[in-house]
Amino acid sequence: MRWKQIAVWAVILLAFALGAIAFWIGAWRRSGLPTRTGELALPGLGAPVKVRFDEWAVPHVEAANLNDLAAALGWLHANDRLFQLEMGRRRASGRLAEVVGVAGLAEDVRMRELGLRRTADRYLAVLEPESKALLDAYARGVNAWIDAHRGDLPSDLDLLMDQVEPWKPIDSLCFALLMSVDLCYPRFYEEQRFEWLRAFGPERTLDLVGKGELQLDDDVLALATKSKVALPAGEDEAVVDKKGGSNNWAIDADHTGTHAALVANDPHLGLALPALWYEVGMRAADYDAYGMTLPGLPVVVIGRGANVAWGFTNTELDTNDVFVEEVSPQGKSVRRGSDWVPVDAVSETIRVDGGDDVTVETGTTDLGAFLPPLPERGLPARSLAWTAFTPFDTVAPFVALARAKSIDDVPSAIESFVSPVQSLVAADTNGDVLFTLLGRAPERNLGDGSLPAPGWDARWKWRGLRPASDNPRLRRPSDGFVATANNDVRPANFAVPLSADFANPSRVERIRELVGAAQDWTAEKAADVQLDDTSRYALSVVAALPDDFEGDARDALAMLRAWDGRMRDGGAAALFGLFERELGRTVFDDEFHAEGLGPMGLLRKADSLQRLVTNKLSPKWCDDVTTAEVETLHDVLARSLASALAATRARFGADMNAWNWTALNQWTPAHPLAAVPVLGRLFVRGPFSVPGSAQTIRVFTGWWRGDHVDVGHGASMRWIADLGDGDRALAILPGGQSGHPFDAHFDDQLANYVAGKLRPVYWSESAITAHVASTLALHP
């Protein structure tokens, strides 16, 4: 009887424990859920604000003025994206390790060395009065939501912290600087090439860079070749690969079926949950816009106003330079000719959750941010010059874009913008289109910035920034459209030197091929172009291969030659993907591993392979340095073709119709907390088999992990505006409006996004009214 009683009580206690756990999980899942209905107070409003949510939780906000719109947007961003706001400002401020421990330390050190928060403080000092008022209003909105939810944080934040600090205008400016970090790749290229100089020497380094003859200082070269210090083995290719991608184009009214201009944009950025962008409509007497906002900023960044629509791609301009420094024995100054100038040193402490505090020695020189030596990579002390260190008003240009009356107003609207440099296309209600650059390039004395320069030689110092009037510009083109895809945007005979690492031209060539072939464009047809998965890059590589192979290599080449270049299921797409992987490994990985270098990087490797097969890169890279045999280009092509065919057949069988590239190209959308033990699976969706590649208009790309590509990069949103009727616009997000993992709108757009579907946008009052799912009133 006693054992029976014990068993009964054990069952009761277990049931109680399970019930308590279930209760806690239920309460945790509901914690901090977004509010989209009712009446709430928002201190500081000048008048009531009405927010109507459609069926996708897109808010359509009506207010008396832009200040009140900004306050409401701050509240909405906190309501749906508080985790994104909090982790973004912590990243920019170098404070991730405070909540995630040692996993955030490397990024914290990087951000402290760049001095982003100090730079944001300088931005704050140059804001125009309207911009300052908008950031103040936005902060009031964020803080109103935080104050009303003490002890009720969203589930994801609740796992990391008990409370959130008040939002400040400087936090918003940190978000603007994060975009510069993510799109300018500060220090990355020059530091990588310094290591190449050390490992391969100048001739082979210039061969890899692929820009022809470049100016290289003899002292810098001598310093680079002085030591042979290895990188840590096995560095992640996802860390090494920094280059992004995007597409945009604008078609004038004479070439559309609606007789109104169109703008299409799909910026390619890192894919994660929640989606990067937050979609919103904002309407007041002094501001009327619809489009994509970045949580942290108070206005529409990509979208349309009453008369003009616009979109961006990254221009890939080189807007930062690394200067190698000679430091005094005391470590407090750097040499300038025969003199020494002081380093403005800053000592900062990073608190690490669950670990010891870490002190970081940072600072600035007359050239820019001072970066201490990295002996483990053989990098000496450096200074980083970067256009983003020049303070400017990051808000005013976007307000001016929304207020523009025509494309002719756009250049003056954006002329004060500095960084990151973007390729802008725009169209207006008159039916006209425009291309220009948003941002400013550095004006260099010597060199083009591709290689590190000597800090002690004044001839290499920047003269300043080039005026916006130096940027290329094209209005009302005769062929009726403008398009960019991170490509070389310099017109023929363009005299201004614009140094860049432009993307492979295959995507923009495909866009021009498709858009130029019709004159009856609609938003739906433009969406079809965004979803095009034909790789002109792949077709050009295949076309350049020689014909004299034997055996499996000959059979593989025949299959590739008969292929239409579409990176999808069926046909030879999987064969090409595996061939490209094998060729890249065979050609480059032996040299990089032998020199202790990390991987070359996905996009750099693809560009180099294309140059290799078209005889624009030295075939010496084909020799395997780990063997006595001297391999030729023909040798590695034959082996790679045969190996790829064997791998494809082993995976899918002999029937080519069963070959499936999408089965190899796998996307698993995940929240940053997916790595949390046990609970992490709640923050993951997928996996999804997706078409496309790094070189197709429909980009889905990533890095090989074993037998598949781990997709982590693609369209961060898709958006198409019709300037004749705003209700004909289309959009989609790779997730949903909400950042709360247990809200219905966290991933409600995901299935459509993966399937290549876009949804309607509601611009007119009648369309908004017809699609109201809930209404929220915000009162002073």
# chains A, B, ... in the order shown; residues from 1 in each chain; ligands from 1
>>> residues_around(residues="range 565-571 of chain A", least_positions_apart="6", cutoff="7 Å", atoms="only C-alpha atoms", output="ChimeraX atom specification")
/A:533-536,538-539,656-662,691-693
>>> write_last_selection(atoms="all heavy atoms", output="compact mmCIF listing (two decimals), in the first residue's frame")
# COMPACT_ATOMS: atom_id res chain seq x y z
N ASP A 533 14.47 32.83 -63.05
CA ASP A 533 15.55 32.03 -62.49
C ASP A 533 16.55 31.56 -63.54
O ASP A 533 17.25 30.56 -63.35
CB ASP A 533 14.99 30.83 -61.72
CG ASP A 533 14.01 29.99 -62.55
OD1 ASP A 533 14.12 30.01 -63.79
OD2 ASP A 533 13.15 29.32 -61.95
N THR A 534 16.65 32.27 -64.66
CA THR A 534 17.62 31.95 -65.70
C THR A 534 18.96 32.60 -65.38
O THR A 534 19.02 33.80 -65.12
CB THR A 534 17.14 32.43 -67.08
OG1 THR A 534 15.93 31.75 -67.42
CG2 THR A 534 18.19 32.15 -68.14
N SER A 535 20.02 31.82 -65.41
CA SER A 535 21.36 32.32 -65.09
C SER A 535 22.17 32.54 -66.36
O SER A 535 22.68 31.59 -66.96
CB SER A 535 22.09 31.34 -64.17
OG SER A 535 23.42 31.75 -63.96
N ARG A 536 22.29 33.79 -66.77
CA ARG A 536 23.16 34.11 -67.90
C ARG A 536 24.62 33.82 -67.55
O ARG A 536 25.43 33.49 -68.44
CB ARG A 536 22.99 35.57 -68.30
CG ARG A 536 21.67 35.87 -69.01
CD ARG A 536 21.54 37.37 -69.30
NE ARG A 536 22.60 37.86 -70.15
CZ ARG A 536 22.45 38.24 -71.42
NH1 ARG A 536 21.26 38.18 -71.99
NH2 ARG A 536 23.47 38.69 -72.12
N ALA A 538 25.69 31.28 -65.70
CA ALA A 538 25.91 29.85 -65.92
C ALA A 538 26.03 29.54 -67.41
O ALA A 538 26.91 28.76 -67.83
CB ALA A 538 24.77 29.04 -65.30
N LEU A 539 25.17 30.13 -68.22
CA LEU A 539 25.21 29.87 -69.66
C LEU A 539 26.53 30.36 -70.27
O LEU A 539 27.09 29.72 -71.17
CB LEU A 539 24.02 30.55 -70.34
CG LEU A 539 22.65 29.97 -70.00
CD1 LEU A 539 21.53 30.82 -70.60
CD2 LEU A 539 22.53 28.52 -70.48
N MET A 656 17.56 12.55 -66.03
CA MET A 656 17.78 13.98 -65.85
C MET A 656 16.51 14.71 -65.43
O MET A 656 16.57 15.75 -64.75
CB MET A 656 18.33 14.59 -67.15
CG MET A 656 18.82 16.03 -66.96
SD MET A 656 19.32 16.84 -68.50
CE MET A 656 20.59 15.72 -69.06
N ASN A 657 15.36 14.21 -65.82
CA ASN A 657 14.11 14.85 -65.44
C ASN A 657 13.88 14.82 -63.93
O ASN A 657 13.11 15.61 -63.39
CB ASN A 657 12.93 14.19 -66.15
CG ASN A 657 12.96 14.43 -67.64
OD1 ASN A 657 13.31 15.52 -68.10
ND2 ASN A 657 12.60 13.41 -68.43
N ALA A 658 14.55 13.89 -63.25
CA ALA A 658 14.41 13.77 -61.80
C ALA A 658 15.45 14.62 -61.06
O ALA A 658 15.39 14.71 -59.83
CB ALA A 658 14.53 12.31 -61.37
N TRP A 659 16.38 15.19 -61.79
CA TRP A 659 17.40 16.03 -61.14
C TRP A 659 16.74 17.31 -60.63
O TRP A 659 15.92 17.93 -61.32
CB TRP A 659 18.52 16.37 -62.11
CG TRP A 659 19.29 15.16 -62.56
CD1 TRP A 659 19.10 13.86 -62.18
CD2 TRP A 659 20.37 15.16 -63.49
NE1 TRP A 659 19.98 13.04 -62.80
CE2 TRP A 659 20.79 13.81 -63.62
CE3 TRP A 659 21.02 16.14 -64.22
CZ2 TRP A 659 21.83 13.44 -64.46
CZ3 TRP A 659 22.06 15.78 -65.05
CH2 TRP A 659 22.47 14.43 -65.17
N ASN A 660 17.11 17.72 -59.44
CA ASN A 660 16.36 18.81 -58.79
C ASN A 660 17.31 19.75 -58.06
O ASN A 660 17.76 19.47 -56.94
CB ASN A 660 15.34 18.21 -57.81
CG ASN A 660 14.40 19.26 -57.26
OD1 ASN A 660 14.56 20.45 -57.49
ND2 ASN A 660 13.41 18.82 -56.51
N TRP A 661 17.61 20.88 -58.70
CA TRP A 661 18.47 21.88 -58.05
C TRP A 661 17.85 22.39 -56.76
O TRP A 661 18.56 22.63 -55.78
CB TRP A 661 18.74 23.04 -59.01
CG TRP A 661 19.29 24.26 -58.34
CD1 TRP A 661 18.70 25.47 -58.19
CD2 TRP A 661 20.58 24.38 -57.71
NE1 TRP A 661 19.51 26.35 -57.52
CE2 TRP A 661 20.68 25.69 -57.21
CE3 TRP A 661 21.65 23.50 -57.52
CZ2 TRP A 661 21.80 26.16 -56.53
CZ3 TRP A 661 22.77 23.96 -56.84
CH2 TRP A 661 22.85 25.28 -56.35
N THR A 662 16.53 22.56 -56.72
CA THR A 662 15.91 23.12 -55.53
C THR A 662 16.07 22.20 -54.32
O THR A 662 16.06 22.67 -53.18
CB THR A 662 14.41 23.42 -55.75
OG1 THR A 662 13.69 22.20 -55.90
CG2 THR A 662 14.20 24.27 -56.98
N PRO A 691 14.22 27.84 -55.81
CA PRO A 691 14.94 27.98 -57.07
C PRO A 691 15.89 29.19 -57.02
O PRO A 691 15.95 29.89 -56.01
CB PRO A 691 13.82 28.21 -58.08
CG PRO A 691 12.78 28.93 -57.28
CD PRO A 691 12.85 28.38 -55.89
N GLY A 692 16.59 29.41 -58.12
CA GLY A 692 17.46 30.58 -58.20
C GLY A 692 18.86 30.29 -57.70
O GLY A 692 19.18 29.21 -57.22
N SER A 693 19.71 31.31 -57.80
CA SER A 693 21.10 31.20 -57.37
C SER A 693 21.62 32.60 -57.11
O SER A 693 20.85 33.57 -57.12
CB SER A 693 21.95 30.52 -58.45
OG SER A 693 22.11 31.38 -59.57
>>> closest_atom_pairs(of="range 658-707 of chain A", to="range 729-739 of chain A", cutoff="12 Å", atoms="only C-alpha atoms", output="CSV")
residue,atom,partner,partner_atom,distance
A:Trp667,CA,A:Pro734,CA,11.2
A:Thr668,CA,A:Pro734,CA,11.5
A:Pro669,CA,A:Gly735,CA,8.4
A:Ala670,CA,A:Gly735,CA,10.0
A:His671,CA,A:Gly739,CA,9.0
A:Pro672,CA,A:Gly739,CA,11.2
A:Phe683,CA,A:Gly739,CA,10.7
A:Val684,CA,A:Gly735,CA,11.3
A:Arg685,CA,A:Gly735,CA,9.6
A:Gly686,CA,A:Gly735,CA,11.4
A:Phe700,CA,A:Pro734,CA,11.8
>>> write_last_selection(atoms="C-alpha atoms", output="PDB file, in the first residue's frame")
ATOM      1  CA  TRP A 667      16.303  27.739 -47.038  1.00  0.00           C
ATOM      2  CA  THR A 668      15.454  27.340 -43.353  1.00  0.00           C
ATOM      3  CA  PRO A 669      14.160  30.707 -42.073  1.00  0.00           C
ATOM      4  CA  ALA A 670      15.167  31.161 -38.467  1.00  0.00           C
ATOM      5  CA  HIS A 671      14.877  33.708 -35.693  1.00  0.00           C
ATOM      6  CA  PRO A 672      18.202  34.593 -33.982  1.00  0.00           C
ATOM      7  CA  PHE A 683      11.789  29.884 -33.757  1.00  0.00           C
ATOM      8  CA  VAL A 684      12.446  27.968 -37.005  1.00  0.00           C
ATOM      9  CA  ARG A 685      10.367  27.483 -40.161  1.00  0.00           C
ATOM     10  CA  GLY A 686      10.975  25.254 -43.146  1.00  0.00           C
ATOM     11  CA  PHE A 700      18.334  32.489 -53.339  1.00  0.00           C
TER      12      PHE A 700
END
>>> select_by_dssp(residues="range 261-394 of chain A", states="helix (DSSP H, G or I)", output="JSON, numbers by chain")
{"A": [375, 376, 377, 387, 388, 389]}
>>> atom_distance(atom1="CA of Pro442 in chain A", atom2="CA of Pro505 in chain A")
23.9 Å
>>> residues_around(residues="Val625 in chain A", least_positions_apart="5", cutoff="8 Å", atoms="only C-alpha atoms", output="list in words")
Asp590, Glu591 and Ala594 of chain A
>>> write_last_selection(atoms="N, CA and C atoms", output="compact mmCIF listing (two decimals), in the first residue's frame")
# COMPACT_ATOMS: atom_id res chain seq x y z
N ASP A 590 43.01 24.66 -52.57
CA ASP A 590 44.32 24.13 -52.18
C ASP A 590 45.27 25.26 -51.81
N GLU A 591 45.32 26.33 -52.64
CA GLU A 591 46.20 27.46 -52.32
C GLU A 591 45.79 28.16 -51.03
N ALA A 594 46.61 25.93 -48.05
CA ALA A 594 48.05 25.80 -47.87
C ALA A 594 48.65 27.03 -47.21
>>> closest_residue(among="A:Ser155, A:Ser618, A:Gln695, A:Ile251", to="Phe742 in chain A", atoms="only C-alpha atoms")
A:Ser155
>>> closest_residue(among="A:Glu361, A:Glu348, A:Glu190, A:Asp121", to="Thr205 in chain A", atoms="only C-alpha atoms")
A:Glu190
>>> closest_residue(among="A:Pro298, A:Pro34, A:Gly601, A:Pro154", to="Gly141 in chain A", atoms="only C-alpha atoms")
A:Pro298
>>> residues_around(residues="Glu580 in chain A", least_positions_apart="3", cutoff="10 Å", atoms="only C-alpha atoms", output="ChimeraX atom specification")
/A:538,541,574-577,583-586,605-606,609-610,637,640-641,644
>>> residues_around(residues="range 444-454 of chain A", least_positions_apart="5", cutoff="9 Å", atoms="only C-alpha atoms", output="JSON, numbers by chain")
{"A": [189, 190, 191, 193, 194, 209, 211, 214, 215, 216, 217, 219, 220, 318, 319, 320, 321, 322, 323, 324, 325, 326, 459, 460, 461, 462, 463, 464, 465, 497, 498, 499, 500, 501]}
>>> select_by_dssp(residues="range 619-696 of chain A", states="strand (DSSP E or B)", output="mmCIF file with C-alpha atoms, in the first residue's frame")
data_model
loop_
_atom_site.group_PDB
_atom_site.id
_atom_site.type_symbol
_atom_site.label_atom_id
_atom_site.label_comp_id
_atom_site.auth_asym_id
_atom_site.auth_seq_id
_atom_site.Cartn_x
_atom_site.Cartn_y
_atom_site.Cartn_z
ATOM 1 C CA ASN A 660 16.361 18.810 -58.792
ATOM 2 C CA ASN A 665 19.160 24.806 -52.517
ATOM 3 C CA GLN A 666 17.581 24.771 -49.054
ATOM 4 C CA TRP A 667 16.303 27.739 -47.038
ATOM 5 C CA ALA A 670 15.167 31.161 -38.467
ATOM 6 C CA VAL A 684 12.446 27.968 -37.005
ATOM 7 C CA PHE A 688 12.055 25.107 -48.100
ATOM 8 C CA SER A 689 13.438 23.986 -51.454
#
>>> residues_around(residues="range 386-391 of chain A", least_positions_apart="2", cutoff="8 Å", atoms="only C-alpha atoms", output="tab-separated table (two decimals) with C-alpha atoms, in the first residue's frame")
chain	number	residue	atom	x	y	z
A	119	THR	CA	29.68	58.45	-34.93
A	120	ALA	CA	25.91	58.47	-34.35
A	122	ARG	CA	28.09	63.34	-34.38
A	123	TYR	CA	25.17	62.66	-36.72
A	126	VAL	CA	23.99	68.03	-37.62
A	177	LEU	CA	24.84	53.41	-39.55
A	180	SER	CA	26.28	51.47	-43.92
A	186	PRO	CA	34.27	48.54	-43.92
A	319	THR	CA	33.77	54.10	-49.84
A	320	ASN	CA	36.30	53.04	-47.22
A	321	ASP	CA	40.09	52.66	-47.27
A	368	GLY	CA	39.62	57.70	-39.27
A	384	LEU	CA	40.05	53.23	-41.50
A	393	ASP	CA	21.23	64.17	-41.82
A	418	VAL	CA	26.40	60.39	-47.88
A	419	SER	CA	26.33	56.67	-46.97
A	420	PRO	CA	25.68	53.94	-47.97
A	440	ARG	CA	28.84	60.43	-52.16
A	441	ALA	CA	32.15	58.86	-53.11
A	442	PRO	CA	35.58	59.72	-51.69
A	465	LEU	CA	34.10	63.69	-50.62
>>> closest_residue(among="A:Leu317, A:Ala369, A:Val496, A:Leu116", to="Leu438 in chain A", atoms="only C-alpha atoms")
A:Leu317
>>> atom_distance(atom1="CA of Val99 in chain A", atom2="CA of Leu673 in chain A")
11.9 Å
>>> residues_around(residues="Ala103 in chain A", least_positions_apart="6", cutoff="10 Å", atoms="only C-alpha atoms", output="number ranges by chain")
A: 96-97, 352-353
>>> write_last_selection(atoms="all heavy atoms", output="PDB file, in the first residue's frame")
ATOM      1  N   LEU A  96      26.012  43.462 -27.486  1.00  0.00           N
ATOM      2  CA  LEU A  96      25.327  42.175 -27.615  1.00  0.00           C
ATOM      3  C   LEU A  96      25.751  41.201 -26.524  1.00  0.00           C
ATOM      4  O   LEU A  96      24.929  40.449 -25.986  1.00  0.00           O
ATOM      5  CB  LEU A  96      25.622  41.565 -28.983  1.00  0.00           C
ATOM      6  CG  LEU A  96      24.916  42.171 -30.194  1.00  0.00           C
ATOM      7  CD1 LEU A  96      25.453  41.561 -31.475  1.00  0.00           C
ATOM      8  CD2 LEU A  96      23.410  41.968 -30.104  1.00  0.00           C
ATOM      9  N   ALA A  97      27.028  41.187 -26.198  1.00  0.00           N
ATOM     10  CA  ALA A  97      27.529  40.211 -25.227  1.00  0.00           C
ATOM     11  C   ALA A  97      26.885  40.366 -23.865  1.00  0.00           C
ATOM     12  O   ALA A  97      26.865  39.414 -23.076  1.00  0.00           O
ATOM     13  CB  ALA A  97      29.049  40.324 -25.109  1.00  0.00           C
ATOM     14  N   VAL A 352      30.221  40.894 -20.429  1.00  0.00           N
ATOM     15  CA  VAL A 352      29.900  39.615 -21.071  1.00  0.00           C
ATOM     16  C   VAL A 352      29.048  38.791 -20.112  1.00  0.00           C
ATOM     17  O   VAL A 352      29.498  38.450 -19.016  1.00  0.00           O
ATOM     18  CB  VAL A 352      31.173  38.843 -21.450  1.00  0.00           C
ATOM     19  CG1 VAL A 352      30.816  37.527 -22.145  1.00  0.00           C
ATOM     20  CG2 VAL A 352      32.074  39.690 -22.340  1.00  0.00           C
ATOM     21  N   ASP A 353      27.832  38.497 -20.530  1.00  0.00           N
ATOM     22  CA  ASP A 353      26.948  37.682 -19.705  1.00  0.00           C
ATOM     23  C   ASP A 353      27.550  36.289 -19.505  1.00  0.00           C
ATOM     24  O   ASP A 353      27.878  35.597 -20.455  1.00  0.00           O
ATOM     25  CB  ASP A 353      25.581  37.564 -20.372  1.00  0.00           C
ATOM     26  CG  ASP A 353      24.581  36.788 -19.523  1.00  0.00           C
ATOM     27  OD1 ASP A 353      24.438  37.111 -18.340  1.00  0.00           O
ATOM     28  OD2 ASP A 353      23.968  35.843 -20.063  1.00  0.00           O
TER      29      ASP A 353
END
